[in-house]
$ cat target18.pdb   # PDB, C-alpha atoms
ATOM      1  CA  GLN A   1       0.000   0.000   0.000
ATOM      2  CA  VAL A   2       1.193   3.496  -0.868
ATOM      3  CA  HIS A   3       0.269   6.632   1.017
ATOM      4  CA  LEU A   4       0.753  10.074  -0.539
ATOM      5  CA  VAL A   5       0.806  13.311   1.426
ATOM      6  CA  GLU A   6       0.716  16.662  -0.348
ATOM      7  CA  SER A   7       1.754  19.952   1.179
ATOM      8  CA  GLY A   8       2.579  23.497   0.147
ATOM      9  CA  GLY A   9      -0.781  24.798  -0.953
ATOM     10  CA  GLY A  10      -2.157  28.115   0.168
ATOM     11  CA  LEU A  11      -3.297  31.572  -0.820
ATOM     12  CA  VAL A  12      -1.090  33.642  -3.105
ATOM     13  CA  GLN A  13      -1.535  36.741  -5.202
ATOM     14  CA  ALA A  14      -1.435  36.580  -8.966
ATOM     15  CA  GLY A  15       2.145  36.566 -10.182
ATOM     16  CA  GLY A  16       3.352  34.825  -7.067
ATOM     17  CA  SER A  17       4.891  31.403  -6.547
ATOM     18  CA  LEU A  18       4.241  28.252  -4.572
ATOM     19  CA  ARG A  19       6.012  24.918  -4.324
ATOM     20  CA  LEU A  20       3.955  21.809  -3.780
ATOM     21  CA  SER A  21       5.453  18.668  -2.310
ATOM     22  CA  CYS A  22       4.191  15.116  -2.316
ATOM     23  CA  ALA A  23       5.821  12.544  -0.077
ATOM     24  CA  ALA A  24       5.210   8.869  -0.737
ATOM     25  CA  SER A  25       5.400   5.952   1.653
ATOM     26  CA  GLY A  26       6.683   2.525   0.662
ATOM     27  CA  LYS A  27       9.656   1.375  -1.341
ATOM     28  CA  LEU A  28       8.440   1.678  -4.911
ATOM     29  CA  PHE A  29       8.726   5.421  -5.437
ATOM     30  CA  GLY A  30      11.851   5.081  -7.570
ATOM     31  CA  VAL A  31      10.096   2.902 -10.150
ATOM     32  CA  SER A  32       6.888   4.916 -10.200
ATOM     33  CA  ASP A  33       5.643   7.542 -12.600
ATOM     34  CA  MET A  34       4.391  10.583 -10.717
ATOM     35  CA  GLY A  35       1.862  13.197 -11.662
ATOM     36  CA  TRP A  36       0.229  16.355 -10.438
ATOM     37  CA  TYR A  37      -3.428  16.867 -11.285
ATOM     38  CA  ARG A  38      -5.819  19.640 -10.383
ATOM     39  CA  GLN A  39      -9.531  20.083 -10.079
ATOM     40  CA  ALA A  40     -11.177  23.470 -10.062
ATOM     41  CA  PRO A  41     -14.733  23.953  -8.768
ATOM     42  CA  GLY A  42     -17.243  22.636 -11.278
ATOM     43  CA  LYS A  43     -14.563  21.224 -13.552
ATOM     44  CA  GLN A  44     -13.079  17.824 -14.236
ATOM     45  CA  ARG A  45      -9.752  16.771 -12.826
ATOM     46  CA  GLU A  46      -6.969  17.471 -15.300
ATOM     47  CA  LEU A  47      -3.323  16.545 -15.643
ATOM     48  CA  VAL A  48      -0.995  19.413 -14.848
ATOM     49  CA  SER A  49       2.367  17.718 -15.117
ATOM     50  CA  SER A  50       3.985  14.319 -14.908
ATOM     51  CA  ILE A  51       7.438  12.838 -14.503
ATOM     52  CA  THR A  52       8.427   9.282 -15.289
ATOM     53  CA  SER A  53      10.664   7.072 -13.201
ATOM     54  CA  GLY A  54      13.408   7.950 -15.677
ATOM     55  CA  GLY A  55      12.905  11.676 -15.283
ATOM     56  CA  SER A  56      11.030  12.532 -18.481
ATOM     57  CA  THR A  57       8.560  15.337 -17.933
ATOM     58  CA  ASN A  58       5.295  16.447 -19.461
ATOM     59  CA  TYR A  59       3.241  19.599 -18.968
ATOM     60  CA  ALA A  60      -0.209  20.831 -19.815
ATOM     61  CA  ASP A  61      -0.086  23.662 -22.325
ATOM     62  CA  SER A  62      -1.643  26.004 -19.772
ATOM     63  CA  VAL A  63       1.318  25.704 -17.406
ATOM     64  CA  LYS A  64       4.267  25.312 -19.761
ATOM     65  CA  GLY A  65       7.005  27.770 -18.949
ATOM     66  CA  ARG A  66       5.524  28.524 -15.520
ATOM     67  CA  PHE A  67       5.496  25.209 -13.664
ATOM     68  CA  THR A  68       8.357  22.765 -13.108
ATOM     69  CA  ILE A  69       8.018  19.212 -11.860
ATOM     70  CA  SER A  70      10.915  17.411 -10.222
ATOM     71  CA  ARG A  71      11.563  14.406  -8.037
ATOM     72  CA  VAL A  72      14.062  13.328  -5.421
ATOM     73  CA  ASN A  73      13.972   9.558  -5.220
ATOM     74  CA  ALA A  74      16.106   9.460  -2.083
ATOM     75  CA  LYS A  75      13.336  11.384  -0.331
ATOM     76  CA  SER A  76      10.438   9.641  -2.129
ATOM     77  CA  THR A  77       9.160  13.106  -2.924
ATOM     78  CA  VAL A  78       7.898  14.856  -6.025
ATOM     79  CA  TYR A  79       7.671  18.626  -6.294
ATOM     80  CA  LEU A  80       5.753  21.110  -8.376
ATOM     81  CA  GLN A  81       7.269  24.569  -8.529
ATOM     82  CA  MET A  82       4.592  27.002  -9.652
ATOM     83  CA  ASN A  83       5.620  30.470 -10.786
ATOM     84  CA  SER A  84       3.702  33.362 -12.329
ATOM     85  CA  LEU A  85       0.505  32.010 -10.855
ATOM     86  CA  LYS A  86      -2.798  33.106 -12.329
ATOM     87  CA  PRO A  87      -6.301  33.125 -10.827
ATOM     88  CA  GLU A  88      -7.214  30.320 -13.230
ATOM     89  CA  ASP A  89      -4.636  28.113 -11.496
ATOM     90  CA  THR A  90      -6.911  28.045  -8.454
ATOM     91  CA  ALA A  91      -7.799  24.427  -7.739
ATOM     92  CA  VAL A  92      -7.221  21.477  -5.486
ATOM     93  CA  TYR A  93      -3.958  19.887  -6.568
ATOM     94  CA  TYR A  94      -3.603  16.126  -6.287
ATOM     95  CA  CYS A  95      -0.523  13.951  -6.392
ATOM     96  CA  ASN A  96      -0.692  10.652  -8.276
ATOM     97  CA  LEU A  97       1.608   7.651  -8.218
ATOM     98  CA  ASP A  98       1.396   5.093 -11.004
ATOM     99  CA  LEU A  99       3.205   1.768 -10.805
ATOM    100  CA  GLY A 100       2.533   0.904 -14.445
ATOM    101  CA  TYR A 101       2.983  -2.780 -15.221
ATOM    102  CA  LEU A 102       3.597  -3.480 -11.538
ATOM    103  CA  GLY A 103       0.009  -2.525 -10.909
ATOM    104  CA  GLY A 104      -1.389   0.103  -8.599
ATOM    105  CA  ASN A 105      -2.426   3.714  -8.941
ATOM    106  CA  TYR A 106      -2.655   5.936  -5.905
ATOM    107  CA  TRP A 107      -3.903   9.429  -5.076
ATOM    108  CA  GLY A 108      -3.188  11.886  -2.333
ATOM    109  CA  GLU A 109      -5.942  13.801  -0.584
ATOM    110  CA  GLY A 110      -5.107  17.059  -2.309
ATOM    111  CA  THR A 111      -3.897  20.506  -1.349
ATOM    112  CA  LEU A 112      -5.776  23.701  -2.117
ATOM    113  CA  VAL A 113      -4.131  26.454  -4.138
ATOM    114  CA  THR A 114      -5.938  29.777  -4.301
ATOM    115  CA  VAL A 115      -4.641  32.569  -6.497
ATOM    116  CA  SER A 116      -6.177  35.978  -5.903
ATOM    117  CA  SER A 117      -6.348  38.646  -8.581
TER     118      SER A 117
END
$ encode --input "target18.pdb" --output "structure tokens"
Amino acid sequence: QVHLVESGGGLVQAGGSLRLSCAASGKLFGVSDMGWYRQAPGKQRELVSSITSGGSTNYADSVKGRFTISRVNAKSTVYLQMNSLKPEDTAVYYCNLDLGYLGGNYWGEGTLVTVSS
């Protein structure tokens, strides 16, 4: 069983920055693909960014150039650095761990990011 704990959310003014962290329990973090998703009120959950076990990254068009995903396997932690935040970035941000062919897909409970205009 994997447990994910997000942190780093909060209230920030437009143009500001936040760094989200997601710490994973267990011993399979290093072979897992990790992702950050978000869900705004009244909208579907969407992929923000992902990073494979090998370090390849992917970003939604809406955050390219502003957000950076990274991981530190020794700490079983994935980060999302968010710069130049916009009010439309307001959402609950969720961490996801995917074990691929090993089986298993896990979600954190989410952390709220609110960007004021």
$ atom_distance --input "target18.pdb" --atom1 "CA of Leu28 in chain A" --atom2 "CA of Gly10 in chain A"
28.9 Å
$ residues_around --input "target18.pdb" --residues "Leu4 in chain A" --least-positions-apart "3" --cutoff "12 Å" --atoms "only C-alpha atoms" --output "PyMOL selection string"
chain A and resi 1+7+21-26+29+34-36+76-78+94-98+105-111
$ atom_distance --input "target18.pdb" --atom1 "CA of Ser84 in chain A" --atom2 "CA of Arg66 in chain A"
6.1 Å
$ closest_residue --input "target18.pdb" --among "A:Gln81, A:Thr114, A:Ser62, A:Thr68" --to "Leu20 in chain A" --atoms "all atoms listed in the file"
A:Gln81
$ resolve_selection --input "target18.pdb" --expression "the PyMOL selection byres ((chain A and resi 88) around 12)" --output "number ranges by chain"
A: 13-15, 38-41, 43, 62-63, 84-87, 89-92, 113-117
$ closest_residue --input "target18.pdb" --among "A:Lys75, A:Arg19, A:Asn83, A:Tyr37" --to "Ala60 in chain A" --atoms "only C-alpha atoms"
A:Tyr37
$ atom_distance --input "target18.pdb" --atom1 "CA of Ile51 in chain A" --atom2 "CA of Ser32 in chain A"
9.0 Å
$ closest_residue --input "target18.pdb" --among "A:Ile69, A:Val31, A:Ala74, A:Leu18" --to "Gly54 in chain A" --atoms "all atoms listed in the file"
A:Val31
$ closest_residue --input "target18.pdb" --among "A:Gly30, A:Gly42, A:Gly8, A:Tyr59" --to "Arg71 in chain A" --atoms "only C-alpha atoms"
A:Gly30
$ axis_aligned_box --input "target18.pdb" --around "range 11-26 of chain A" --padding-each-side "5 Å" --output "AutoDock Vina command-line options"
--center_x 1.7 --center_y 19.6 --center_z -4.3 --size_x 20.0 --size_y 44.2 --size_z 21.8
$ closest_residue --input "target18.pdb" --among "A:Gln44, A:Gly9, A:Leu80, A:Asn73" --to "Thr57 in chain A" --atoms "only C-alpha atoms"
A:Leu80
$ closest_residue --input "target18.pdb" --among "A:Lys27, A:Leu102, A:Thr52, A:Val72" --to "His3 in chain A" --atoms "only C-alpha atoms"
A:Lys27
